[in-house]
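Chemist: Below is the file work.cif, with mmCIF, N, CA, C and O atoms.
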data_coords
loop_
_atom_site.label_atom_id
_atom_site.label_comp_id
_atom_site.auth_asym_id
_atom_site.auth_seq_id
_atom_site.Cartn_x
_atom_site.Cartn_y
_atom_site.Cartn_z
N MET S 295 -18.93 -6.97 -22.35
CA MET S 295 -19.39 -6.81 -20.98
C MET S 295 -18.46 -5.88 -20.23
O MET S 295 -17.25 -6.02 -20.28
N SER S 296 -19.01 -4.92 -19.52
CA SER S 296 -18.17 -3.93 -18.84
C SER S 296 -17.76 -4.41 -17.46
O SER S 296 -18.42 -5.23 -16.85
N ASN S 297 -16.68 -3.86 -16.98
CA ASN S 297 -16.19 -4.15 -15.64
C ASN S 297 -17.13 -3.52 -14.62
O ASN S 297 -17.52 -2.38 -14.76
N GLU S 298 -17.49 -4.26 -13.57
CA GLU S 298 -18.43 -3.77 -12.55
C GLU S 298 -18.02 -2.41 -11.98
O GLU S 298 -18.84 -1.54 -11.80
N LYS S 299 -16.73 -2.23 -11.67
CA LYS S 299 -16.34 -0.99 -11.01
C LYS S 299 -16.30 0.20 -11.96
O LYS S 299 -16.14 1.32 -11.53
N ASP S 300 -16.44 -0.05 -13.26
CA ASP S 300 -16.46 1.04 -14.23
C ASP S 300 -17.88 1.51 -14.54
O ASP S 300 -18.06 2.37 -15.37
N ARG S 301 -18.88 0.93 -13.87
CA ARG S 301 -20.26 1.33 -14.12
C ARG S 301 -20.47 2.79 -13.74
O ARG S 301 -19.99 3.22 -12.70
N PRO S 302 -21.21 3.54 -14.54
CA PRO S 302 -21.45 4.94 -14.22
C PRO S 302 -22.58 5.16 -13.22
O PRO S 302 -22.84 6.26 -12.82
N ASP S 303 -23.26 4.10 -12.80
CA ASP S 303 -24.40 4.27 -11.91
C ASP S 303 -24.26 3.41 -10.67
O ASP S 303 -23.38 2.57 -10.58
N ASP S 304 -25.12 3.65 -9.69
CA ASP S 304 -25.14 2.90 -8.45
C ASP S 304 -26.41 2.07 -8.40
O ASP S 304 -27.50 2.61 -8.39
N HIS S 305 -26.27 0.75 -8.39
CA HIS S 305 -27.43 -0.13 -8.32
C HIS S 305 -27.47 -0.89 -7.01
O HIS S 305 -28.15 -1.90 -6.90
N GLY S 306 -26.71 -0.47 -6.00
CA GLY S 306 -26.73 -1.14 -4.72
C GLY S 306 -25.76 -2.30 -4.63
O GLY S 306 -25.60 -2.87 -3.58
N LYS S 307 -25.10 -2.66 -5.73
CA LYS S 307 -24.12 -3.73 -5.68
C LYS S 307 -22.80 -3.15 -5.17
O LYS S 307 -22.42 -2.06 -5.56
N PRO S 308 -22.11 -3.88 -4.30
CA PRO S 308 -20.86 -3.35 -3.77
C PRO S 308 -19.77 -3.32 -4.85
O PRO S 308 -19.35 -4.33 -5.34
N ASP S 309 -19.37 -2.13 -5.22
CA ASP S 309 -18.35 -1.96 -6.25
C ASP S 309 -16.95 -1.90 -5.64
O ASP S 309 -15.99 -2.22 -6.30
N PHE S 310 -16.84 -1.43 -4.40
CA PHE S 310 -15.54 -1.17 -3.81
C PHE S 310 -15.37 -1.91 -2.49
O PHE S 310 -16.28 -1.94 -1.67
N GLN S 311 -14.20 -2.48 -2.31
CA GLN S 311 -13.80 -3.08 -1.04
C GLN S 311 -12.95 -2.03 -0.34
O GLN S 311 -11.91 -1.63 -0.86
N ILE S 312 -13.41 -1.57 0.82
CA ILE S 312 -12.69 -0.55 1.58
C ILE S 312 -12.49 -1.06 3.00
O ILE S 312 -13.07 -2.07 3.40
N VAL S 313 -11.69 -0.35 3.76
CA VAL S 313 -11.44 -0.68 5.16
C VAL S 313 -11.80 0.55 6.00
O VAL S 313 -11.31 1.64 5.72
N VAL S 314 -12.66 0.34 6.99
CA VAL S 314 -13.07 1.43 7.88
C VAL S 314 -12.74 1.01 9.31
O VAL S 314 -13.26 0.01 9.81
N ASN S 315 -11.84 1.74 9.93
CA ASN S 315 -11.39 1.43 11.29
C ASN S 315 -10.97 -0.03 11.43
O ASN S 315 -11.30 -0.71 12.39
N GLY S 316 -10.25 -0.52 10.43
CA GLY S 316 -9.72 -1.88 10.46
C GLY S 316 -10.68 -2.98 10.05
O GLY S 316 -10.32 -4.14 10.04
N VAL S 317 -11.91 -2.61 9.68
CA VAL S 317 -12.93 -3.59 9.29
C VAL S 317 -13.18 -3.48 7.78
O VAL S 317 -13.46 -2.40 7.28
N SER S 318 -13.12 -4.61 7.10
CA SER S 318 -13.39 -4.63 5.67
C SER S 318 -14.88 -4.37 5.43
O SER S 318 -15.73 -4.94 6.09
N GLU S 319 -15.16 -3.47 4.50
CA GLU S 319 -16.54 -3.09 4.18
C GLU S 319 -16.71 -3.08 2.66
O GLU S 319 -15.74 -2.91 1.92
N GLU S 320 -17.94 -3.24 2.22
CA GLU S 320 -18.28 -3.08 0.81
C GLU S 320 -18.99 -1.75 0.65
O GLU S 320 -19.88 -1.43 1.44
N TRP S 321 -18.59 -0.97 -0.35
CA TRP S 321 -19.17 0.36 -0.56
C TRP S 321 -19.66 0.46 -2.00
O TRP S 321 -18.88 0.34 -2.94
N PRO S 322 -20.96 0.72 -2.20
CA PRO S 322 -21.53 0.70 -3.55
C PRO S 322 -21.47 2.02 -4.32
O PRO S 322 -21.94 2.08 -5.45
N HIS S 323 -20.90 3.05 -3.73
CA HIS S 323 -20.92 4.38 -4.36
C HIS S 323 -19.52 4.79 -4.81
O HIS S 323 -18.52 4.33 -4.30
N LYS S 324 -19.48 5.73 -5.76
CA LYS S 324 -18.22 6.20 -6.32
C LYS S 324 -17.48 7.17 -5.41
O LYS S 324 -16.30 7.42 -5.60
N ASN S 325 -18.19 7.75 -4.45
CA ASN S 325 -17.53 8.68 -3.53
C ASN S 325 -18.14 8.55 -2.15
O ASN S 325 -19.14 7.87 -1.95
N MET S 326 -17.50 9.20 -1.17
CA MET S 326 -17.96 9.16 0.21
C MET S 326 -17.74 10.53 0.83
O MET S 326 -16.69 11.15 0.64
N ASN S 327 -18.74 11.00 1.59
CA ASN S 327 -18.59 12.27 2.30
C ASN S 327 -18.39 12.01 3.80
O ASN S 327 -18.42 10.87 4.26
N TYR S 328 -18.20 13.07 4.54
CA TYR S 328 -17.95 13.00 5.98
C TYR S 328 -19.06 12.24 6.70
O TYR S 328 -18.80 11.32 7.48
N GLU S 329 -20.29 12.62 6.47
CA GLU S 329 -21.41 12.01 7.19
C GLU S 329 -21.53 10.52 6.89
O GLU S 329 -21.80 9.72 7.78
N GLN S 330 -21.30 10.12 5.64
CA GLN S 330 -21.36 8.71 5.27
C GLN S 330 -20.26 7.91 5.97
O GLN S 330 -20.50 6.80 6.45
N ALA S 331 -19.06 8.47 6.03
CA ALA S 331 -17.94 7.79 6.69
C ALA S 331 -18.22 7.59 8.17
O ALA S 331 -17.99 6.52 8.73
N VAL S 332 -18.75 8.63 8.82
CA VAL S 332 -19.06 8.54 10.25
C VAL S 332 -20.15 7.50 10.50
O VAL S 332 -20.02 6.65 11.39
N LYS S 333 -21.19 7.50 9.69
CA LYS S 333 -22.28 6.52 9.87
C LYS S 333 -21.81 5.10 9.62
O LYS S 333 -22.25 4.17 10.28
N LEU S 334 -20.91 4.92 8.66
CA LEU S 334 -20.38 3.60 8.39
C LEU S 334 -19.51 3.10 9.55
O LEU S 334 -19.59 1.94 9.94
N ALA S 335 -18.72 4.00 10.12
CA ALA S 335 -17.85 3.62 11.23
C ALA S 335 -18.60 3.46 12.54
O ALA S 335 -18.29 2.57 13.34
N PHE S 336 -19.60 4.32 12.77
CA PHE S 336 -20.35 4.32 14.03
C PHE S 336 -21.84 4.41 13.73
O PHE S 336 -22.45 5.47 13.91
N PRO S 337 -22.46 3.32 13.27
CA PRO S 337 -23.86 3.38 12.83
C PRO S 337 -24.86 3.79 13.91
O PRO S 337 -25.87 4.42 13.60
N SER S 338 -24.60 3.48 15.15
CA SER S 338 -25.58 3.80 16.20
C SER S 338 -25.07 4.85 17.18
O SER S 338 -25.70 5.09 18.21
N ALA S 339 -23.96 5.48 16.85
CA ALA S 339 -23.38 6.49 17.75
C ALA S 339 -24.14 7.81 17.64
O ALA S 339 -24.72 8.12 16.61
N PRO S 340 -24.13 8.59 18.72
CA PRO S 340 -24.77 9.90 18.66
C PRO S 340 -24.00 10.86 17.76
O PRO S 340 -22.80 10.73 17.59
N HIS S 341 -24.74 11.79 17.18
CA HIS S 341 -24.14 12.79 16.30
C HIS S 341 -24.63 14.16 16.73
O HIS S 341 -25.69 14.30 17.31
N GLY S 342 -23.84 15.19 16.43
CA GLY S 342 -24.24 16.55 16.76
C GLY S 342 -23.78 16.96 18.14
O GLY S 342 -23.13 16.21 18.86
N GLY S 343 -24.14 18.18 18.52
CA GLY S 343 -23.74 18.70 19.83
C GLY S 343 -22.24 18.75 19.97
O GLY S 343 -21.54 19.27 19.11
N ASP S 344 -21.73 18.19 21.06
CA ASP S 344 -20.29 18.18 21.32
C ASP S 344 -19.59 16.99 20.68
O ASP S 344 -18.39 16.82 20.87
N ILE S 345 -20.31 16.16 19.96
CA ILE S 345 -19.72 14.98 19.33
C ILE S 345 -19.08 15.38 18.00
O ILE S 345 -19.75 15.92 17.13
N ARG S 346 -17.81 15.13 17.88
CA ARG S 346 -17.07 15.44 16.66
C ARG S 346 -16.27 14.21 16.25
O ARG S 346 -15.89 13.40 17.08
N TYR S 347 -15.99 14.11 14.97
CA TYR S 347 -15.21 12.99 14.44
C TYR S 347 -14.12 13.52 13.53
O TYR S 347 -14.33 14.48 12.79
N ASN S 348 -12.97 12.89 13.60
CA ASN S 348 -11.90 13.12 12.63
C ASN S 348 -11.98 11.98 11.62
O ASN S 348 -12.00 10.81 12.02
N VAL S 349 -12.05 12.32 10.36
CA VAL S 349 -12.13 11.31 9.30
C VAL S 349 -10.93 11.51 8.37
O VAL S 349 -10.82 12.55 7.72
N SER S 350 -10.05 10.53 8.35
CA SER S 350 -8.91 10.59 7.43
C SER S 350 -8.98 9.38 6.50
O SER S 350 -9.58 8.36 6.84
N TRP S 351 -8.37 9.51 5.34
CA TRP S 351 -8.37 8.42 4.37
C TRP S 351 -7.01 8.30 3.72
O TRP S 351 -6.24 9.25 3.66
N THR S 352 -6.73 7.07 3.26
CA THR S 352 -5.50 6.78 2.53
C THR S 352 -5.85 5.87 1.36
O THR S 352 -6.53 4.86 1.54
N LYS S 353 -5.39 6.24 0.19
CA LYS S 353 -5.58 5.40 -1.00
C LYS S 353 -4.37 4.49 -1.17
O LYS S 353 -3.29 4.79 -0.67
N PRO S 354 -4.54 3.36 -1.86
CA PRO S 354 -3.43 2.42 -2.03
C PRO S 354 -2.18 3.03 -2.68
O PRO S 354 -1.07 2.57 -2.44
N ASP S 355 -2.35 4.09 -3.47
CA ASP S 355 -1.20 4.72 -4.12
C ASP S 355 -0.48 5.72 -3.21
O ASP S 355 0.47 6.37 -3.61
N GLY S 356 -0.95 5.84 -1.95
CA GLY S 356 -0.29 6.71 -0.99
C GLY S 356 -0.94 8.07 -0.79
O GLY S 356 -0.56 8.81 0.11
N GLN S 357 -1.90 8.44 -1.64
CA GLN S 357 -2.62 9.70 -1.44
C GLN S 357 -3.32 9.67 -0.08
O GLN S 357 -3.87 8.65 0.30
N GLU S 358 -3.31 10.80 0.62
CA GLU S 358 -3.96 10.91 1.92
C GLU S 358 -4.78 12.18 1.97
O GLU S 358 -4.49 13.14 1.26
N GLY S 359 -5.76 12.18 2.84
CA GLY S 359 -6.56 13.37 3.03
C GLY S 359 -7.51 13.19 4.20
O GLY S 359 -7.45 12.21 4.93
N SER S 360 -8.37 14.18 4.36
CA SER S 360 -9.36 14.11 5.44
C SER S 360 -10.69 14.66 4.94
O SER S 360 -10.74 15.39 3.95
N LEU S 361 -11.73 14.27 5.63
CA LEU S 361 -13.07 14.76 5.33
C LEU S 361 -13.56 15.58 6.51
O LEU S 361 -13.32 15.23 7.66
N ARG S 362 -14.24 16.65 6.22
CA ARG S 362 -14.85 17.51 7.23
C ARG S 362 -16.33 17.66 6.87
O ARG S 362 -16.72 17.41 5.73
N PRO S 363 -17.16 18.10 7.82
CA PRO S 363 -18.60 18.21 7.52
C PRO S 363 -18.91 19.03 6.28
O PRO S 363 -19.86 18.73 5.57
N SER S 364 -18.12 20.02 5.98
CA SER S 364 -18.42 20.88 4.83
C SER S 364 -17.55 20.59 3.61
O SER S 364 -17.64 21.30 2.61
N SER S 365 -16.73 19.54 3.68
CA SER S 365 -15.82 19.27 2.56
C SER S 365 -16.49 18.47 1.45
O SER S 365 -17.52 17.85 1.65
N ARG S 366 -15.88 18.51 0.29
CA ARG S 366 -16.35 17.73 -0.84
C ARG S 366 -16.12 16.25 -0.57
O ARG S 366 -15.16 15.88 0.11
N PRO S 367 -16.96 15.38 -1.14
CA PRO S 367 -16.72 13.94 -1.00
C PRO S 367 -15.42 13.54 -1.68
O PRO S 367 -14.94 14.21 -2.59
N VAL S 368 -14.85 12.42 -1.24
CA VAL S 368 -13.64 11.89 -1.85
C VAL S 368 -14.04 10.75 -2.79
O VAL S 368 -14.99 10.01 -2.52
N ASP S 369 -13.34 10.63 -3.91
CA ASP S 369 -13.56 9.52 -4.83
C ASP S 369 -13.02 8.25 -4.18
O ASP S 369 -11.88 8.22 -3.70
N VAL S 370 -13.83 7.21 -4.16
CA VAL S 370 -13.46 5.95 -3.51
C VAL S 370 -12.80 5.02 -4.52
O VAL S 370 -13.21 4.96 -5.69
N VAL S 371 -11.77 4.30 -4.07
CA VAL S 371 -11.11 3.27 -4.87
C VAL S 371 -11.01 2.00 -4.03
O VAL S 371 -11.08 2.06 -2.80
N ASN S 372 -10.84 0.87 -4.69
CA ASN S 372 -10.67 -0.39 -3.97
C ASN S 372 -9.48 -0.31 -3.03
O ASN S 372 -8.46 0.29 -3.35
N GLU S 373 -9.63 -0.94 -1.87
CA GLU S 373 -8.60 -1.04 -0.84
C GLU S 373 -8.28 0.30 -0.18
O GLU S 373 -7.25 0.45 0.46
N MET S 374 -9.17 1.26 -0.30
CA MET S 374 -9.01 2.55 0.37
C MET S 374 -9.24 2.35 1.87
O MET S 374 -10.08 1.54 2.28
N ILE S 375 -8.50 3.07 2.68
CA ILE S 375 -8.61 2.95 4.13
C ILE S 375 -9.16 4.24 4.71
O ILE S 375 -8.66 5.33 4.41
N PHE S 376 -10.19 4.10 5.56
CA PHE S 376 -10.76 5.23 6.28
C PHE S 376 -10.52 5.04 7.76
O PHE S 376 -10.74 3.95 8.30
N ASP S 377 -10.08 6.08 8.43
CA ASP S 377 -9.88 6.07 9.88
C ASP S 377 -10.80 7.13 10.46
O ASP S 377 -10.62 8.32 10.19
N VAL S 378 -11.80 6.69 11.22
CA VAL S 378 -12.79 7.60 11.78
C VAL S 378 -12.69 7.52 13.29
O VAL S 378 -12.90 6.47 13.88
N ARG S 379 -12.38 8.65 13.92
CA ARG S 379 -12.18 8.68 15.38
C ARG S 379 -13.06 9.75 16.01
O ARG S 379 -13.18 10.85 15.49
N ASN S 380 -13.63 9.41 17.15
CA ASN S 380 -14.42 10.35 17.93
C ASN S 380 -13.48 11.28 18.68
O ASN S 380 -12.54 10.84 19.32
N THR S 381 -13.74 12.58 18.57
CA THR S 381 -12.94 13.56 19.30
C THR S 381 -13.92 14.53 19.97
O THR S 381 -14.39 15.46 19.33
N ASP S 382 -14.25 14.28 21.22
CA ASP S 382 -15.18 15.16 21.94
C ASP S 382 -14.65 16.58 21.94
O ASP S 382 -13.47 16.82 22.14
N LYS S 383 -15.55 17.51 21.71
CA LYS S 383 -15.19 18.92 21.71
C LYS S 383 -14.83 19.32 23.14
O LYS S 383 -15.52 18.98 24.09
N SER S 384 -13.74 20.05 23.28
CA SER S 384 -13.33 20.46 24.64
C SER S 384 -13.51 21.94 24.84
O SER S 384 -13.72 22.68 23.96
#
Would you mind writing the file's structure down as C-alpha cells?

Modeler:
Amino acid sequence: MSNEKDRPDDHGKPDFQIVVNGVSEEWPHKNMNYEQAVKLAFPSAPHGGDIRYNVSWTKPDGQEGSLRPSSRPVDVVNEMIFDVRNTDKS
C-alpha cells in the first residue's frame, strides 16, 4: 500500500496540511499558484483592478519564496506556510 502523499494523482483527498495566514488548511494538490493562494486566503475578496496581493511562502526546511501572477506554481509540502497580504496599488 502506498503512502497517501506519494500518490501521483489528485482525487480530492487532502494530501497536505498547510497554513495560510495563520489558519490550518488541507490542500489536495501537489503545487499551488498565485491565484489559488489568493483564493484560499481570501475566498470572497475582490480581484483585479487596483487589488493586488503579495504571496510569500516558507517550507519547513527554511526555503522561502514568493508567487506572482505570472510565476510558476510552487511544489507544496506538509506544514508549508503561505502569507497572503492585500497591497492596494498606489

Chemist: What's the separation between atom O of Met374 (chain S) and atom O of Glu319 (chain S), in Å to one decimal place?

Modeler: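 Interatomic distance, atom O of Met374 (chain S) to atom O of Glu319 (chain S): 7.2 Å.
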
Chemist: To one decimal in Å, tell me the separation between CA of Thr352 (chain S) and CA of Pro337 (chain S).

Modeler: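 That distance, rounded to one decimal, is 21.3 Å.
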
Chemist: Near Phe310 (chain S), counting only N, CA, C and O atoms, which residues have an atom at most 7 Å away, once you skip same-chain residues fewer than 4 positions from it, shown as an NGL selection string?

Modeler: :S and (299 or 319-323 or 370-373)

Chemist: Determine the nearest neighbour of Gln311 (chain S) from the options S:Val349, S:Ala331, S:Val368, S:Ile375, counting all atoms listed in the file.

Modeler: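 That would be S:Ile375, the residue with the smallest distance to Gln311 (chain S).
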
Chemist: Give me, as a CSV table (one decimal) with N, CA, C and O atoms, in the frame of the given file, the residues of chain S that a backbone DSSP run labels strand (DSSP E or B).

Modeler:
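Output file out-v1.csv is given in full below:
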chain,number,residue,atom,x,y,z
S,310,PHE,N,-16.8,-1.4,-4.4
S,310,PHE,CA,-15.5,-1.2,-3.8
S,310,PHE,C,-15.4,-1.9,-2.5
S,310,PHE,O,-16.3,-1.9,-1.7
S,311,GLN,N,-14.2,-2.5,-2.3
S,311,GLN,CA,-13.8,-3.1,-1.0
S,311,GLN,C,-13.0,-2.0,-0.3
S,311,GLN,O,-11.9,-1.6,-0.9
S,312,ILE,N,-13.4,-1.6,0.8
S,312,ILE,CA,-12.7,-0.6,1.6
S,312,ILE,C,-12.5,-1.1,3.0
S,312,ILE,O,-13.1,-2.1,3.4
S,313,VAL,N,-11.7,-0.4,3.8
S,313,VAL,CA,-11.4,-0.7,5.2
S,313,VAL,C,-11.8,0.6,6.0
S,313,VAL,O,-11.3,1.6,5.7
S,314,VAL,N,-12.7,0.3,7.0
S,314,VAL,CA,-13.1,1.4,7.9
S,314,VAL,C,-12.7,1.0,9.3
S,314,VAL,O,-13.3,0.0,9.8
S,317,VAL,N,-11.9,-2.6,9.7
S,317,VAL,CA,-12.9,-3.6,9.3
S,317,VAL,C,-13.2,-3.5,7.8
S,317,VAL,O,-13.5,-2.4,7.3
S,318,SER,N,-13.1,-4.6,7.1
S,318,SER,CA,-13.4,-4.6,5.7
S,318,SER,C,-14.9,-4.4,5.4
S,318,SER,O,-15.7,-4.9,6.1
S,319,GLU,N,-15.2,-3.5,4.5
S,319,GLU,CA,-16.5,-3.1,4.2
S,319,GLU,C,-16.7,-3.1,2.7
S,319,GLU,O,-15.7,-2.9,1.9
S,320,GLU,N,-17.9,-3.2,2.2
S,320,GLU,CA,-18.3,-3.1,0.8
S,320,GLU,C,-19.0,-1.8,0.6
S,320,GLU,O,-19.9,-1.4,1.4
S,321,TRP,N,-18.6,-1.0,-0.4
S,321,TRP,CA,-19.2,0.4,-0.6
S,321,TRP,C,-19.7,0.5,-2.0
S,321,TRP,O,-18.9,0.3,-2.9
S,325,ASN,N,-18.2,7.8,-4.4
S,325,ASN,CA,-17.5,8.7,-3.5
S,325,ASN,C,-18.1,8.6,-2.2
S,325,ASN,O,-19.1,7.9,-2.0
S,326,MET,N,-17.5,9.2,-1.2
S,326,MET,CA,-18.0,9.2,0.2
S,326,MET,C,-17.7,10.5,0.8
S,326,MET,O,-16.7,11.2,0.6
S,342,GLY,N,-23.8,15.2,16.4
S,342,GLY,CA,-24.2,16.6,16.8
S,342,GLY,C,-23.8,17.0,18.1
S,342,GLY,O,-23.1,16.2,18.9
S,345,ILE,N,-20.3,16.2,20.0
S,345,ILE,CA,-19.7,15.0,19.3
S,345,ILE,C,-19.1,15.4,18.0
S,345,ILE,O,-19.8,15.9,17.1
S,347,TYR,N,-16.0,14.1,15.0
S,347,TYR,CA,-15.2,13.0,14.4
S,347,TYR,C,-14.1,13.5,13.5
S,347,TYR,O,-14.3,14.5,12.8
S,348,ASN,N,-13.0,12.9,13.6
S,348,ASN,CA,-11.9,13.1,12.6
S,348,ASN,C,-12.0,12.0,11.6
S,348,ASN,O,-12.0,10.8,12.0
S,349,VAL,N,-12.0,12.3,10.4
S,349,VAL,CA,-12.1,11.3,9.3
S,349,VAL,C,-10.9,11.5,8.4
S,349,VAL,O,-10.8,12.6,7.7
S,350,SER,N,-10.0,10.5,8.4
S,350,SER,CA,-8.9,10.6,7.4
S,350,SER,C,-9.0,9.4,6.5
S,350,SER,O,-9.6,8.4,6.8
S,351,TRP,N,-8.4,9.5,5.3
S,351,TRP,CA,-8.4,8.4,4.4
S,351,TRP,C,-7.0,8.3,3.7
S,351,TRP,O,-6.2,9.2,3.7
S,352,THR,N,-6.7,7.1,3.3
S,352,THR,CA,-5.5,6.8,2.5
S,352,THR,C,-5.8,5.9,1.4
S,352,THR,O,-6.5,4.9,1.5
S,358,GLU,N,-3.3,10.8,0.6
S,358,GLU,CA,-4.0,10.9,1.9
S,358,GLU,C,-4.8,12.2,2.0
S,358,GLU,O,-4.5,13.1,1.3
S,359,GLY,N,-5.8,12.2,2.8
S,359,GLY,CA,-6.6,13.4,3.0
S,359,GLY,C,-7.5,13.2,4.2
S,359,GLY,O,-7.4,12.2,4.9
S,360,SER,N,-8.4,14.2,4.4
S,360,SER,CA,-9.4,14.1,5.4
S,360,SER,C,-10.7,14.7,4.9
S,360,SER,O,-10.7,15.4,4.0
S,361,LEU,N,-11.7,14.3,5.6
S,361,LEU,CA,-13.1,14.8,5.3
S,361,LEU,C,-13.6,15.6,6.5
S,361,LEU,O,-13.3,15.2,7.7
S,368,VAL,N,-14.8,12.4,-1.2
S,368,VAL,CA,-13.6,11.9,-1.8
S,368,VAL,C,-14.0,10.8,-2.8
S,368,VAL,O,-15.0,10.0,-2.5
S,369,ASP,N,-13.3,10.6,-3.9
S,369,ASP,CA,-13.6,9.5,-4.8
S,369,ASP,C,-13.0,8.2,-4.2
S,369,ASP,O,-11.9,8.2,-3.7
S,374,MET,N,-9.2,1.3,-0.3
S,374,MET,CA,-9.0,2.6,0.4
S,374,MET,C,-9.2,2.4,1.9
S,374,MET,O,-10.1,1.5,2.3
S,375,ILE,N,-8.5,3.1,2.7
S,375,ILE,CA,-8.6,3.0,4.1
S,375,ILE,C,-9.2,4.2,4.7
S,375,ILE,O,-8.7,5.3,4.4
S,376,PHE,N,-10.2,4.1,5.6
S,376,PHE,CA,-10.8,5.2,6.3
S,376,PHE,C,-10.5,5.0,7.8
S,376,PHE,O,-10.7,4.0,8.3
S,377,ASP,N,-10.1,6.1,8.4
S,377,ASP,CA,-9.9,6.1,9.9
S,377,ASP,C,-10.8,7.1,10.5
S,377,ASP,O,-10.6,8.3,10.2
S,378,VAL,N,-11.8,6.7,11.2
S,378,VAL,CA,-12.8,7.6,11.8
S,378,VAL,C,-12.7,7.5,13.3
S,378,VAL,O,-12.9,6.5,13.9
S,379,ARG,N,-12.4,8.6,13.9
S,379,ARG,CA,-12.2,8.7,15.4
S,379,ARG,C,-13.1,9.8,16.0
S,379,ARG,O,-13.2,10.8,15.5
S,380,ASN,N,-13.6,9.4,17.2
S,380,ASN,CA,-14.4,10.4,17.9
S,380,ASN,C,-13.5,11.3,18.7
S,380,ASN,O,-12.5,10.8,19.3

Chemist: What does the structure give for the distance between CA of Lys353 (chain S) and CA of Ile312 (chain S), in Å to one decimal?

Modeler: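 Separation of CA of Lys353 (chain S) and CA of Ile312 (chain S): 9.6 Å.
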
Chemist: Which is closest to Leu334 (chain S) among S:Asn315, S:Asn348, S:Gln357, S:Asn380, if we use all atoms listed in the file?

Modeler: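 Closest to Leu334 (chain S) of all the choices is S:Asn315.
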
Chemist: With distances taken over only N, CA, C and O atoms, which of S:Tyr347, S:Val378, S:Ser364, S:Asp309 is nearest to Ala335 (chain S)?

Modeler: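 With only N, CA, C and O atoms as the atom set, the closest residue is S:Val378.
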
Chemist: Let me have the centre and edge lengths of the axis-aligned box enclosing all listed atoms of region 353-360 of chain S with 4 Å padding on every side, in Å to one decimal, as AutoDock Vina command-line options.

Modeler:
--center_x -5.1 --center_y 8.9 --center_z 0.7 --size_x 19.2 --size_y 21.0 --size_z 17.6

Chemist: Between S:Asn325, S:Phe376, S:Ala339, S:Ser318, which one has atoms that come closest to Trp351 (chain S), using all atoms listed in the file?

Modeler: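 Selected residue with least distance to Trp351 (chain S): S:Phe376.
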
Chemist: Determine which residues of chain S DSSP labels as alpha helix (DSSP H) from the backbone of this structure, then write them out as a list in words.

Modeler: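 Everything in chain S that counts as alpha helix (DSSP H) is Tyr328, Glu329, Gln330, Ala331, Val332, Lys333, Leu334 and Ala335 of chain S.
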
Chemist: Which residue out of S:Thr381, S:Gly343, S:Lys333, S:Asn327 has the minimum interatomic distance to Ser365 (chain S) when only C-alpha atoms are used?

Modeler: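 With only C-alpha atoms as the atom set, the closest residue is S:Asn327.
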
Chemist: Using only N, CA, C and O atoms for the distances, tell me which of S:Arg346, S:Gly316, S:Ser338, S:Tyr328 is nearest to Arg366 (chain S).

Modeler: S:Tyr328
